[in-house]
$ cat input-v1.tsv   # TSV, C-alpha atoms and all ligand atoms
chain	number	residue	atom	x	y	z
A	219	MET	CA	112.33	4.86	129.59
A	220	ASN	CA	111.81	1.42	128.24
A	221	HIS	CA	114.29	-1.06	129.68
A	222	SER	CA	113.99	-3.83	127.15
A	223	PRO	CA	117.34	-5.36	126.13
A	224	ILE	CA	116.65	-4.29	122.52
A	225	VAL	CA	116.65	-0.66	123.64
A	226	ALA	CA	120.08	-1.13	125.23
A	227	GLU	CA	121.36	-2.92	122.11
A	228	ALA	CA	120.02	-0.15	119.89
A	229	GLU	CA	121.88	2.38	122.02
A	230	ILE	CA	125.18	0.51	121.58
A	231	PHE	CA	124.62	0.28	117.80
A	232	ALA	CA	123.70	3.97	117.45
A	233	LYS	CA	126.66	5.13	119.57
A	234	GLU	CA	129.01	3.10	117.38
A	235	GLN	CA	127.49	4.47	114.17
A	236	LEU	CA	127.33	8.11	115.25
A	237	ALA	CA	130.82	8.24	116.75
A	238	GLY	CA	132.82	11.10	115.34
A	239	ASP	CA	129.87	12.91	113.74
A	240	SER	CA	130.35	16.66	113.57
A	241	THR	CA	127.13	17.67	111.82
A	242	GLY	CA	125.05	18.11	114.97
A	243	HIS	CA	123.92	14.49	114.94
A	244	ASP	CA	126.14	13.16	117.68
A	245	TRP	CA	124.98	10.55	120.20
A	246	PHE	CA	123.81	13.16	122.73
A	247	HIS	CA	121.38	14.57	120.14
A	248	THR	CA	120.02	11.06	119.65
A	249	GLU	CA	119.81	10.47	123.40
A	250	ARG	CA	117.79	13.67	123.91
A	251	VAL	CA	115.47	12.83	121.00
A	252	ARG	CA	114.96	9.31	122.37
A	253	ASN	CA	114.14	10.55	125.87
A	254	THR	CA	111.82	13.28	124.61
A	255	ALA	CA	110.10	10.84	122.23
A	256	ALA	CA	109.46	8.43	125.13
A	257	LEU	CA	108.07	11.28	127.25
A	258	ILE	CA	105.71	12.47	124.49
A	259	ALA	CA	104.67	8.85	123.83
A	260	GLU	CA	103.64	8.45	127.47
A	261	MET	CA	101.66	11.69	127.41
A	262	GLU	CA	99.99	10.94	124.07
A	263	GLN	CA	99.39	7.21	124.62
A	264	GLY	CA	101.75	6.23	121.83
A	265	ASP	CA	103.76	3.00	121.76
A	266	VAL	CA	106.78	3.88	123.92
A	267	PHE	CA	108.85	0.94	122.63
A	268	ILE	CA	108.39	1.84	118.94
A	269	CYS	CA	109.11	5.52	119.62
A	270	THR	CA	112.20	4.71	121.68
A	271	VAL	CA	113.79	2.36	119.14
A	272	ALA	CA	112.90	4.55	116.13
A	273	ALA	CA	114.30	7.65	117.86
A	274	THR	CA	117.48	5.80	118.83
A	275	LEU	CA	118.08	4.77	115.21
A	276	HIS	CA	116.68	7.89	113.47
A	277	ASP	CA	120.06	9.35	112.48
A	278	VAL	CA	121.96	6.10	111.84
A	279	ALA	CA	120.63	6.02	108.27
A	280	ASP	CA	121.54	9.67	107.66
A	281	GLU	CA	122.98	10.37	104.24
A	282	LYS	CA	125.88	12.26	105.74
A	283	LEU	CA	127.08	9.13	107.56
A	284	ASN	CA	126.54	6.62	104.73
A	285	PRO	CA	127.49	6.14	101.09
A	286	SER	CA	123.81	6.78	100.19
A	287	LYS	CA	120.37	7.05	101.82
A	288	GLU	CA	119.53	3.55	100.61
A	289	ALA	CA	122.72	2.10	102.10
A	290	GLY	CA	121.95	3.79	105.42
A	291	LEU	CA	118.39	2.45	105.45
A	292	ASP	CA	119.59	-1.07	104.58
A	293	LYS	CA	121.98	-0.99	107.49
A	294	VAL	CA	119.18	-0.10	109.93
A	295	HIS	CA	116.85	-2.70	108.37
A	296	ASN	CA	119.46	-5.44	108.75
A	297	TRP	CA	120.03	-4.50	112.35
A	298	LEU	CA	116.29	-4.62	113.07
A	299	LYS	CA	115.91	-8.03	111.41
A	300	GLN	CA	118.67	-9.39	113.61
A	301	HIS	CA	117.23	-7.98	116.84
A	302	LEU	CA	113.44	-7.98	116.49
A	303	ALA	CA	111.17	-10.92	115.71
A	304	ASP	CA	107.96	-8.97	115.13
A	305	GLU	CA	107.67	-8.14	111.42
A	306	ALA	CA	105.03	-5.43	112.03
A	307	GLN	CA	107.31	-3.64	114.49
A	308	ILE	CA	110.22	-3.76	112.04
A	309	LYS	CA	108.03	-2.30	109.27
A	310	HIS	CA	106.70	0.42	111.53
A	311	ILE	CA	110.16	1.51	112.72
A	312	MET	CA	111.50	1.47	109.13
A	313	LEU	CA	108.56	3.59	107.96
A	314	ILE	CA	109.37	6.21	110.61
A	315	ILE	CA	113.07	6.31	109.80
A	316	GLU	CA	112.50	6.40	106.03
A	317	THR	CA	110.01	9.25	106.29
A	318	MET	CA	112.36	11.21	108.54
A	319	SER	CA	115.35	10.69	106.32
A	320	PHE	CA	113.54	11.53	103.09
A	321	SER	CA	111.98	14.68	104.47
A	322	GLY	CA	115.38	16.01	105.55
A	323	GLY	CA	113.90	17.35	108.78
A	324	GLY	CA	111.23	19.08	106.70
A	325	GLY	CA	107.50	18.80	106.61
A	326	GLU	CA	106.88	15.29	105.27
A	327	PRO	CA	103.68	14.07	106.97
A	328	MET	CA	103.99	11.02	109.20
A	329	SER	CA	101.26	8.42	108.80
A	330	THR	CA	101.36	6.99	112.34
A	331	LEU	CA	101.12	8.49	115.82
A	332	GLU	CA	104.54	7.09	116.73
A	333	GLY	CA	106.07	8.70	113.63
A	334	ARG	CA	104.52	12.04	114.54
A	335	ILE	CA	105.95	11.70	118.04
A	336	VAL	CA	109.52	10.95	116.92
A	337	GLN	CA	109.37	13.81	114.40
A	338	ASP	CA	108.20	16.17	117.16
A	339	ALA	CA	111.05	15.04	119.43
A	340	ASP	CA	113.61	15.64	116.66
A	341	ARG	CA	112.19	19.11	115.95
A	342	LEU	CA	112.21	19.99	119.65
A	343	ASP	CA	115.96	19.39	119.74
A	344	ALA	CA	116.38	22.19	117.19
A	345	LEU	CA	114.55	24.63	119.51
A	346	GLY	CA	115.24	26.41	122.80
A	347	ALA	CA	118.62	26.76	124.48
A	348	ILE	CA	119.87	23.53	122.91
A	349	GLY	CA	118.65	24.62	119.51
A	350	ILE	CA	120.50	27.94	119.85
A	351	ALA	CA	123.70	26.15	120.89
A	352	ARG	CA	123.44	23.67	117.99
A	353	THR	CA	122.84	26.47	115.50
A	354	MET	CA	125.93	28.35	116.68
A	355	VAL	CA	128.13	25.24	116.51
A	356	PHE	CA	126.81	24.24	113.09
A	357	SER	CA	127.25	27.78	111.76
A	358	GLY	CA	130.83	27.93	113.02
A	359	ALA	CA	131.58	24.63	111.33
A	360	LYS	CA	130.14	25.95	108.03
A	361	GLY	CA	131.87	29.30	108.27
A	362	ARG	CA	128.64	31.23	108.77
A	363	PRO	CA	129.04	34.39	110.86
A	364	VAL	CA	126.85	34.85	113.93
A	365	TYR	CA	124.98	37.84	112.55
A	366	ASP	CA	124.93	40.47	109.83
A	367	PRO	CA	122.11	43.06	109.90
A	368	GLU	CA	122.08	43.20	106.09
A	369	ILE	CA	121.40	39.49	105.86
A	370	ALA	CA	119.02	39.02	108.79
A	371	PRO	CA	117.34	42.36	109.39
A	372	ARG	CA	114.87	42.55	112.29
A	373	ASP	CA	112.10	43.41	109.87
A	374	GLU	CA	110.73	40.00	108.92
A	375	SER	CA	109.54	41.18	105.53
A	376	LEU	CA	113.16	41.84	104.58
A	377	GLN	CA	114.50	38.45	105.66
A	378	LYS	CA	115.56	35.95	103.04
A	379	GLU	CA	116.03	32.23	103.00
A	380	TYR	CA	119.58	31.05	102.44
A	381	ARG	CA	120.03	27.52	101.21
A	382	ASP	CA	123.69	28.24	100.64
A	383	TYR	CA	125.54	27.95	103.96
A	384	SER	CA	128.28	30.25	102.79
A	385	LYS	CA	125.80	33.12	102.46
A	386	GLY	CA	123.53	33.07	105.50
A	387	THR	CA	124.20	33.75	109.17
A	388	ALA	CA	123.44	31.84	112.36
A	389	VAL	CA	120.78	34.40	113.32
A	390	ASN	CA	119.20	34.06	109.88
A	391	HIS	CA	118.67	30.35	110.51
A	392	PHE	CA	116.11	31.25	113.19
A	393	TYR	CA	113.98	32.85	110.48
A	394	GLU	CA	114.74	30.24	107.81
A	395	LYS	CA	113.67	27.35	109.98
A	396	LEU	CA	113.68	27.44	113.76
A	397	LEU	CA	110.85	29.92	114.35
A	398	LYS	CA	108.65	28.01	111.88
A	399	LEU	CA	108.89	24.68	113.69
A	400	LYS	CA	106.40	25.46	116.49
A	401	ASP	CA	103.52	25.56	114.00
A	402	LEU	CA	104.60	22.26	112.44
A	403	MET	CA	104.36	20.28	115.68
A	404	ASN	CA	102.17	17.19	115.34
A	405	THR	CA	101.07	16.36	118.89
A	406	PRO	CA	99.46	18.54	121.57
A	407	TYR	CA	102.14	17.72	124.12
A	408	GLY	CA	104.93	18.26	121.58
A	409	ARG	CA	103.43	21.65	120.75
A	410	LYS	CA	103.29	22.57	124.43
A	411	LEU	CA	107.01	21.81	124.81
A	412	ALA	CA	107.76	23.69	121.59
A	413	GLU	CA	105.98	26.83	122.78
A	414	GLU	CA	108.27	27.26	125.77
A	415	ARG	CA	111.36	26.76	123.60
A	416	HIS	CA	110.00	29.07	120.91
A	417	ASP	CA	109.42	31.86	123.44
A	418	PHE	CA	112.93	31.34	124.81
A	419	MET	CA	114.37	31.86	121.30
A	420	LEU	CA	112.31	35.03	120.81
A	421	GLY	CA	113.67	36.31	124.15
A	422	PHE	CA	117.19	35.41	123.05
A	423	LEU	CA	116.80	37.36	119.80
A	424	GLU	CA	115.36	40.39	121.62
A	425	GLN	CA	118.33	40.47	124.00
A	426	PHE	CA	120.74	39.79	121.14
A	427	TYR	CA	119.53	42.83	119.13
A	428	LYS	CA	119.47	44.96	122.27
A	429	GLU	CA	123.13	44.18	122.97
A	430	TRP	CA	124.09	44.51	119.30
A	431	ASN	CA	122.60	48.00	119.09
A	432	GLN	CA	123.64	49.26	122.51
A	433	GLY	CA	125.17	52.70	122.24
A	434	SER	CA	124.56	52.94	118.49
A	435	HIS	CA	121.71	55.45	118.68
B	501	LIG	P1	117.90	17.54	111.76
B	501	LIG	O1	118.50	16.52	110.83
B	501	LIG	O2	118.19	17.28	113.21
B	501	LIG	O3	116.47	17.85	111.51
B	501	LIG	P2	119.67	19.47	110.46
B	501	LIG	O4	120.59	18.44	109.93
B	501	LIG	O5	118.93	20.33	109.50
B	501	LIG	O6	118.62	18.92	111.49
B	501	LIG	O7	120.48	20.39	111.43
B	501	LIG	C1	121.13	19.97	112.59
B	501	LIG	C2	121.39	21.20	113.47
B	501	LIG	O8	122.22	22.11	112.75
B	501	LIG	C3	120.09	21.96	113.77
B	501	LIG	O9	119.79	21.90	115.13
B	501	LIG	C4	120.33	23.37	113.35
B	501	LIG	O10	120.36	24.22	114.46
B	501	LIG	C5	121.68	23.41	112.73
B	501	LIG	N1	121.56	23.90	111.36
B	501	LIG	C6	121.07	23.25	110.27
B	501	LIG	N2	121.11	24.02	109.18
B	501	LIG	C7	121.66	25.18	109.57
B	501	LIG	C8	121.98	26.41	108.90
B	501	LIG	N3	121.76	26.58	107.60
B	501	LIG	N4	122.55	27.41	109.65
B	501	LIG	C9	122.78	27.25	110.95
B	501	LIG	N5	122.50	26.14	111.64
B	501	LIG	C10	121.95	25.12	110.97
B	502	NI	NI	117.85	14.21	114.56

$ encode --input "input-v1.tsv" --output "structure tokens"
Amino acid sequence: MNHSPIVAEAEIFAKEQLAGDSTGHDWFHTERVRNTAALIAEMEQGDVFICTVAATLHDVADEKLNPSKEAGLDKVHNWLKQHLADEAQIKHIMLIIETMSFSGGGGEPMSTLEGRIVQDADRLDALGAIGIARTMVFSGAKGRPVYDPEIAPRDESLQKEYRDYSKGTAVNHFYEKLLKLKDLMNTPYGRKLAEERHDFMLGFLEQFYKEWNQGSH
């Protein structure tokens, strides 16, 4: 962890802004992404300070918490101008947050190492045991059932992508997105962490289907 006073100030600001969020972007998500980003930055010789501040602020500009994307980005930019003197650092952090917010967690390429690190850290939080828990909570909030064999059959060739939350299931989200993330990882260390979480999700699905089908043959 980086113990600069700016990091502590950024934490206070993000906690304030994310309070009451129920879309899976609460402060604890941000805290995990920040810590993972700092860890990857150390392993990959990235700038730990840039990664830490960008990760701390990465969801503050989120569309869901602001009147618009632009308004969210302006809010973060104003905060940075008040707390950082180095123009290059401000620009770099804004570039990371803009790219993350415009890609909607998708595949937008990051042009700097630090951006690739923060994106990896955010993706990692969608994987593994935490990723499974977040998917279940999110699905419950959207009224998605846990599973329906017609919607998410085990045969991958029969699986569909559901953009409409009211149609898909929690288990289907693994095939829509979560199991694809491992191959999108940017950094070698991020990929290593993703592999363990990916395998854990495959094990979860195996056990899930086993329990679902127990006694049905
Ligand atoms: P992020 O902004 O962190 O990249 P999202 O906003 O897409 O991610 O999703 C936040 C969390 O909600 C994810 O961890 C994911 O598990 C869950 N989630 C997102 N979309 C769906 C969905 N369609 N069905 C179930 N869970 C979802
Ligand atoms: Ni995030």

$ atom_distance --input "input-v1.tsv" --atom1 "atom CA of A:Met419" --atom2 "atom CA of A:Ala237"
29.1 Å

$ closest_atom_pairs --input "input-v1.tsv" --of "chain A" --to "ligand LIG 501 (chain B)" --cutoff "9 Å" --atoms "only C-alpha atoms and all ligand atoms" --output "Markdown table"
| residue | atom | partner | partner_atom | distance |
| --- | --- | --- | --- | --- |
| A:Thr241 | CA | B:LIG501 | C1 | 6.5 |
| A:Gly242 | CA | B:LIG501 | C1 | 4.9 |
| A:His243 | CA | B:LIG501 | C1 | 6.6 |
| A:His247 | CA | B:LIG501 | O2 | 8.1 |
| A:Asp277 | CA | B:LIG501 | O1 | 7.5 |
| A:Asp280 | CA | B:LIG501 | O1 | 8.1 |
| A:Met318 | CA | B:LIG501 | O3 | 8.4 |
| A:Ser319 | CA | B:LIG501 | O1 | 8.0 |
| A:Ser321 | CA | B:LIG501 | O3 | 8.9 |
| A:Gly322 | CA | B:LIG501 | O1 | 6.2 |
| A:Gly323 | CA | B:LIG501 | O3 | 3.8 |
| A:Gly324 | CA | B:LIG501 | O3 | 7.2 |
| A:Gln337 | CA | B:LIG501 | O3 | 8.7 |
| A:Asp340 | CA | B:LIG501 | O2 | 6.0 |
| A:Arg341 | CA | B:LIG501 | O3 | 6.3 |
| A:Asp343 | CA | B:LIG501 | O9 | 6.5 |
| A:Ala344 | CA | B:LIG501 | O9 | 4.0 |
| A:Leu345 | CA | B:LIG501 | O9 | 7.4 |
| A:Ile348 | CA | B:LIG501 | O9 | 7.9 |
| A:Gly349 | CA | B:LIG501 | O9 | 5.3 |
| A:Ile350 | CA | B:LIG501 | O10 | 6.6 |
| A:Ala351 | CA | B:LIG501 | O10 | 7.5 |
| A:Arg352 | CA | B:LIG501 | O10 | 4.7 |
| A:Thr353 | CA | B:LIG501 | O10 | 3.5 |
| A:Met354 | CA | B:LIG501 | N5 | 6.5 |
| A:Val355 | CA | B:LIG501 | N5 | 7.5 |
| A:Phe356 | CA | B:LIG501 | N5 | 4.9 |
| A:Ser357 | CA | B:LIG501 | C9 | 4.6 |
| A:Gly358 | CA | B:LIG501 | C9 | 8.3 |
| A:Lys360 | CA | B:LIG501 | N4 | 7.9 |
| A:Arg362 | CA | B:LIG501 | N4 | 7.2 |
| A:Tyr380 | CA | B:LIG501 | N3 | 7.2 |
| A:Arg381 | CA | B:LIG501 | N3 | 6.7 |
| A:Asp382 | CA | B:LIG501 | N3 | 7.4 |
| A:Tyr383 | CA | B:LIG501 | N3 | 5.4 |
| A:Ser384 | CA | B:LIG501 | N3 | 8.9 |
| A:Gly386 | CA | B:LIG501 | N3 | 7.0 |
| A:Thr387 | CA | B:LIG501 | N4 | 6.6 |
| A:Ala388 | CA | B:LIG501 | C9 | 4.8 |
| A:Val389 | CA | B:LIG501 | C9 | 7.8 |
| A:Asn390 | CA | B:LIG501 | N4 | 7.4 |
| A:His391 | CA | B:LIG501 | N4 | 4.9 |
| A:Phe392 | CA | B:LIG501 | C9 | 8.1 |
| A:Glu394 | CA | B:LIG501 | N3 | 7.9 |
| A:Lys395 | CA | B:LIG501 | N2 | 8.2 |
| A:Leu396 | CA | B:LIG501 | O10 | 7.4 |

$ atom_distance --input "input-v1.tsv" --atom1 "atom CA of A:Gln307" --atom2 "atom CA of A:Glu229"
17.5 Å

$ axis_aligned_box --input "input-v1.tsv" --around "stretch 397-408 of chain A" --padding-each-side "6 Å" --output "AutoDock Vina command-line options"
--center_x 105.2 --center_y 23.1 --center_z 118.0 --size_x 23.4 --size_y 25.6 --size_z 24.2

$ closest_residue --input "input-v1.tsv" --among "A:Val336, A:Leu423, A:Leu397, A:Leu298" --to "ligand NI 502 (chain B)" --atoms "only C-alpha atoms and all ligand atoms"
A:Val336

$ atom_distance --input "input-v1.tsv" --atom1 "atom CA of A:Thr254" --atom2 "atom CA of A:Leu302"
22.8 Å

$ closest_residue --input "input-v1.tsv" --among "A:Asp338, A:Met312, A:Lys400, A:Pro327" --to "A:Lys293" --atoms "all atoms listed in the file"
A:Met312

$ closest_residue --input "input-v1.tsv" --among "A:Val294, A:Ile314, A:Cys269, A:Ala339" --to "ligand NI 502 (chain B)" --atoms "all atoms listed in the file"
A:Ala339

$ closest_residue --input "input-v1.tsv" --among "A:Val266, A:Ala289, A:Ile308, A:Ile315" --to "ligand NI 502 (chain B)" --atoms "all atoms listed in the file"
A:Ile315

$ residues_around --input "input-v1.tsv" --residues "A:Glu262" --least-positions-apart "4" --cutoff "10 Å" --atoms "all atoms listed in the file" --output "PyMOL selection string"
chain A and resi 256-258+266+331-332+335+405-408

$ closest_residue --input "input-v1.tsv" --among "A:His276, A:Arg415, A:Lys299, A:Lys233" --to "ligand NI 502 (chain B)" --atoms "only C-alpha atoms and all ligand atoms"
A:His276

$ closest_residue --input "input-v1.tsv" --among "A:Lys398, A:Arg250, A:His295, A:His310" --to "ligand NI 502 (chain B)" --atoms "all atoms listed in the file"
A:Arg250

$ residues_around --input "input-v1.tsv" --residues "A:Glu234" --least-positions-apart "2" --cutoff "12 Å" --atoms "all atoms listed in the file" --output "PyMOL selection string"
chain A and resi 227-232+236-239+244-245+274-275+277-278+283

$ write_last_selection --input "input-v1.tsv" --atoms "C-alpha atoms" --output "PDB file, keeping the file's coordinate frame"
ATOM      1  CA  GLU A 227     121.360  -2.920 122.110  1.00  0.00           C
ATOM      2  CA  ALA A 228     120.020  -0.150 119.890  1.00  0.00           C
ATOM      3  CA  GLU A 229     121.880   2.380 122.020  1.00  0.00           C
ATOM      4  CA  ILE A 230     125.180   0.510 121.580  1.00  0.00           C
ATOM      5  CA  PHE A 231     124.620   0.280 117.800  1.00  0.00           C
ATOM      6  CA  ALA A 232     123.700   3.970 117.450  1.00  0.00           C
ATOM      7  CA  LEU A 236     127.330   8.110 115.250  1.00  0.00           C
ATOM      8  CA  ALA A 237     130.820   8.240 116.750  1.00  0.00           C
ATOM      9  CA  GLY A 238     132.820  11.100 115.340  1.00  0.00           C
ATOM     10  CA  ASP A 239     129.870  12.910 113.740  1.00  0.00           C
ATOM     11  CA  ASP A 244     126.140  13.160 117.680  1.00  0.00           C
ATOM     12  CA  TRP A 245     124.980  10.550 120.200  1.00  0.00           C
ATOM     13  CA  THR A 274     117.480   5.800 118.830  1.00  0.00           C
ATOM     14  CA  LEU A 275     118.080   4.770 115.210  1.00  0.00           C
ATOM     15  CA  ASP A 277     120.060   9.350 112.480  1.00  0.00           C
ATOM     16  CA  VAL A 278     121.960   6.100 111.840  1.00  0.00           C
ATOM     17  CA  LEU A 283     127.080   9.130 107.560  1.00  0.00           C
TER      18      LEU A 283
END

$ decode --input "input-v1.tsv" --residues "stretch 373-420 of chain A" --atoms "C-alpha atoms" --output "mmCIF file, in the first residue's frame"
data_model
loop_
_atom_site.group_PDB
_atom_site.id
_atom_site.type_symbol
_atom_site.label_atom_id
_atom_site.label_comp_id
_atom_site.auth_asym_id
_atom_site.auth_seq_id
_atom_site.Cartn_x
_atom_site.Cartn_y
_atom_site.Cartn_z
ATOM 1 C CA ASP A 373 -23.611 -27.571 -23.597
ATOM 2 C CA GLU A 374 -21.754 -24.366 -24.433
ATOM 3 C CA SER A 375 -22.912 -24.373 -28.039
ATOM 4 C CA LEU A 376 -26.484 -23.951 -26.799
ATOM 5 C CA GLN A 377 -25.770 -21.040 -24.465
ATOM 6 C CA LYS A 378 -26.989 -17.586 -25.381
ATOM 7 C CA GLU A 379 -26.018 -14.104 -24.360
ATOM 8 C CA TYR A 380 -28.668 -12.175 -22.481
ATOM 9 C CA ARG A 381 -28.334 -8.420 -22.441
ATOM 10 C CA ASP A 382 -31.770 -8.192 -20.896
ATOM 11 C CA TYR A 383 -31.493 -8.840 -17.158
ATOM 12 C CA SER A 384 -35.068 -9.980 -16.945
ATOM 13 C CA LYS A 385 -34.330 -12.916 -19.248
ATOM 14 C CA GLY A 386 -31.016 -14.434 -18.180
ATOM 15 C CA THR A 387 -29.981 -16.315 -15.055
ATOM 16 C CA ALA A 388 -27.115 -15.933 -12.608
ATOM 17 C CA VAL A 389 -25.474 -19.099 -13.945
ATOM 18 C CA ASN A 390 -25.797 -17.791 -17.492
ATOM 19 C CA HIS A 391 -23.712 -14.754 -16.535
ATOM 20 C CA PHE A 392 -20.705 -17.056 -16.121
ATOM 21 C CA TYR A 393 -20.936 -17.870 -19.831
ATOM 22 C CA GLU A 394 -21.901 -14.351 -20.930
ATOM 23 C CA LYS A 395 -18.939 -12.752 -19.257
ATOM 24 C CA LEU A 396 -17.107 -14.256 -16.306
ATOM 25 C CA LEU A 397 -15.486 -17.246 -18.022
ATOM 26 C CA LYS A 398 -14.272 -14.986 -20.840
ATOM 27 C CA LEU A 399 -12.352 -12.612 -18.591
ATOM 28 C CA LYS A 400 -9.291 -14.829 -18.021
ATOM 29 C CA ASP A 401 -8.281 -14.510 -21.672
ATOM 30 C CA LEU A 402 -8.698 -10.728 -21.584
ATOM 31 C CA MET A 403 -6.195 -10.196 -18.770
ATOM 32 C CA ASN A 404 -3.498 -7.666 -19.668
ATOM 33 C CA THR A 405 -0.576 -8.452 -17.367
ATOM 34 C CA PRO A 406 1.224 -11.745 -16.659
ATOM 35 C CA TYR A 407 0.660 -11.470 -12.915
ATOM 36 C CA GLY A 408 -2.993 -10.493 -13.395
ATOM 37 C CA ARG A 409 -3.454 -13.528 -15.628
ATOM 38 C CA LYS A 410 -1.870 -15.778 -13.016
ATOM 39 C CA LEU A 411 -4.336 -14.547 -10.384
ATOM 40 C CA ALA A 412 -7.206 -14.901 -12.856
ATOM 41 C CA GLU A 413 -6.357 -18.533 -13.619
ATOM 42 C CA GLU A 414 -6.849 -19.631 -10.026
ATOM 43 C CA ARG A 415 -10.180 -17.789 -9.808
ATOM 44 C CA HIS A 416 -11.277 -19.116 -13.201
ATOM 45 C CA ASP A 417 -10.588 -22.713 -12.132
ATOM 46 C CA PHE A 418 -12.496 -22.111 -8.902
ATOM 47 C CA MET A 419 -15.549 -20.989 -10.911
ATOM 48 C CA LEU A 420 -15.329 -24.063 -13.161
#
